[in-house]
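Notes follow the structure.
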Amino acid sequence: MLDSINWPLLIVFAAAMAIAPWPMGPEPHLVEKIRMLTQGTLRKPIDIFDLLLHSAPIAFMILKGWKDFGPR
């Protein structure tokens with residue numbers, strides 16, 4: 001599955017999800033949810049889903065990078 005995703009599309013999608021909802025909100029959702037996680041206030045299911053949704057493209061980038069450029 002990771003082979004079928006090209007790098008430029010993945011990079012653009014990960015960047016867009018990381019900074020969303022710019023310029024609408026005061027801070028990106030990903031930053032807000034990570035802050036909530038570190039403070040121990042990430043308890044609502046919608047907040048947990050939001051963290052997973054906004055961090056998934058970054059996780060795919062890490063996995064694809066490991067697969068493409070990692071140790072052989």
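Each chain in the structure tokens gets a letter, A, B, ..., in the order shown, and its residues are numbered from 1; ligands are numbered from 1 in order too.
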What lies within 9 Å of range 40-54 of chain A using only C-alpha atoms, ignoring chain neighbours under 2 positions off, as an mmCIF file with C-alpha atoms, in the first residue's frame?
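See around29.cif below for the written result:
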```cif
data_model
loop_
_atom_site.group_PDB
_atom_site.id
_atom_site.type_symbol
_atom_site.label_atom_id
_atom_site.label_comp_id
_atom_site.auth_asym_id
_atom_site.auth_seq_id
_atom_site.Cartn_x
_atom_site.Cartn_y
_atom_site.Cartn_z
ATOM 1 C CA ALA A 14 0.759 15.723 5.697
ATOM 2 C CA MET A 17 -3.294 18.157 7.910
ATOM 3 C CA ALA A 18 -0.568 19.335 10.305
ATOM 4 C CA ILE A 19 -1.455 23.029 9.945
ATOM 5 C CA ALA A 20 -5.244 22.651 9.563
ATOM 6 C CA HIS A 29 -5.377 21.087 15.652
ATOM 7 C CA LEU A 30 -2.308 18.846 15.786
ATOM 8 C CA GLU A 32 -3.539 21.681 20.246
ATOM 9 C CA LYS A 33 -4.094 17.920 20.571
ATOM 10 C CA ILE A 34 -0.425 17.198 21.337
ATOM 11 C CA ARG A 35 -0.528 19.920 24.000
ATOM 12 C CA MET A 36 -3.689 18.344 25.443
ATOM 13 C CA LEU A 37 -1.989 14.921 25.400
ATOM 14 C CA THR A 38 1.056 16.184 27.293
ATOM 15 C CA ALA A 56 -1.966 9.835 10.342
ATOM 16 C CA PRO A 57 -0.318 11.383 7.239
ATOM 17 C CA ILE A 58 2.830 12.083 9.252
#
```
Residues within 9 Å of Trp7 in chain A, only C-alpha atoms, excluding chain neighbours under 3 positions, as a compact mmCIF listing (two decimals) with N, CA and C atoms, in the first residue's frame:
```txt
# COMPACT_ATOMS: atom_id res chain seq x y z
N LEU A 10 1.96 12.84 -0.61
CA LEU A 10 2.01 12.55 0.82
C LEU A 10 2.54 13.75 1.61
N ILE A 11 3.55 14.41 1.09
CA ILE A 11 4.12 15.57 1.77
C ILE A 11 3.11 16.71 1.85
N VAL A 12 2.43 16.98 0.74
CA VAL A 12 1.43 18.05 0.72
C VAL A 12 0.28 17.73 1.67
N MET A 61 4.15 9.04 6.38
CA MET A 61 5.45 9.52 5.87
C MET A 61 6.61 8.82 6.56
N LYS A 64 6.69 5.17 5.25
CA LYS A 64 7.16 5.12 3.88
C LYS A 64 8.65 5.46 3.81
```
Find the distance between CA of Val31 in chain A and CA of Leu63 in chain A and write it in Å to one decimal.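 It comes out at 21.1 Å.
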Separation of CA of Asp3 in chain A and CA of Phe69 in chain A, in Å?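 Going from CA of Asp3 in chain A over to CA of Phe69 in chain A, I get 12.5 Å.
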CA of Met1 in chain A sits from CA of Ala15 in chain A at a separation of 20.3 Å
Enumerate the residues of range 33-64 of chain A with a DSSP assignment of helix (DSSP H, G or I), computed from the backbone, and present them as a PyMOL selection string. chain A and resi 33-39+45-64
Could you write out the selected residues, including C-alpha atoms, as a PDB file, in the first residue's frame?
```
ATOM      1  CA  LYS A  33      -4.094  17.920  20.571  1.00  0.00           C
ATOM      2  CA  ILE A  34      -0.425  17.198  21.337  1.00  0.00           C
ATOM      3  CA  ARG A  35      -0.528  19.920  24.000  1.00  0.00           C
ATOM      4  CA  MET A  36      -3.689  18.344  25.443  1.00  0.00           C
ATOM      5  CA  LEU A  37      -1.989  14.921  25.400  1.00  0.00           C
ATOM      6  CA  THR A  38       1.056  16.184  27.293  1.00  0.00           C
ATOM      7  CA  GLN A  39      -1.130  18.007  29.827  1.00  0.00           C
ATOM      8  CA  PRO A  45     -13.262  10.486  22.026  1.00  0.00           C
ATOM      9  CA  ILE A  46     -13.600  13.262  19.423  1.00  0.00           C
ATOM     10  CA  ASP A  47     -10.288  14.770  20.556  1.00  0.00           C
ATOM     11  CA  ILE A  48      -8.540  11.395  20.364  1.00  0.00           C
ATOM     12  CA  PHE A  49      -9.996  10.835  16.889  1.00  0.00           C
ATOM     13  CA  ASP A  50      -8.865  14.318  15.850  1.00  0.00           C
ATOM     14  CA  LEU A  51      -5.309  13.608  17.038  1.00  0.00           C
ATOM     15  CA  LEU A  52      -5.232  10.347  15.077  1.00  0.00           C
ATOM     16  CA  LEU A  53      -6.734  11.970  11.990  1.00  0.00           C
ATOM     17  CA  HIS A  54      -4.281  14.864  11.888  1.00  0.00           C
ATOM     18  CA  SER A  55      -1.222  12.752  12.691  1.00  0.00           C
ATOM     19  CA  ALA A  56      -1.966   9.835  10.342  1.00  0.00           C
ATOM     20  CA  PRO A  57      -0.318  11.383   7.239  1.00  0.00           C
ATOM     21  CA  ILE A  58       2.830  12.083   9.252  1.00  0.00           C
ATOM     22  CA  ALA A  59       2.843   8.472  10.448  1.00  0.00           C
ATOM     23  CA  PHE A  60       2.478   7.309   6.832  1.00  0.00           C
ATOM     24  CA  MET A  61       5.446   9.523   5.870  1.00  0.00           C
ATOM     25  CA  ILE A  62       7.562   7.956   8.607  1.00  0.00           C
ATOM     26  CA  LEU A  63       6.580   4.427   7.573  1.00  0.00           C
ATOM     27  CA  LYS A  64       7.161   5.122   3.877  1.00  0.00           C
TER      28      LYS A  64
END
```
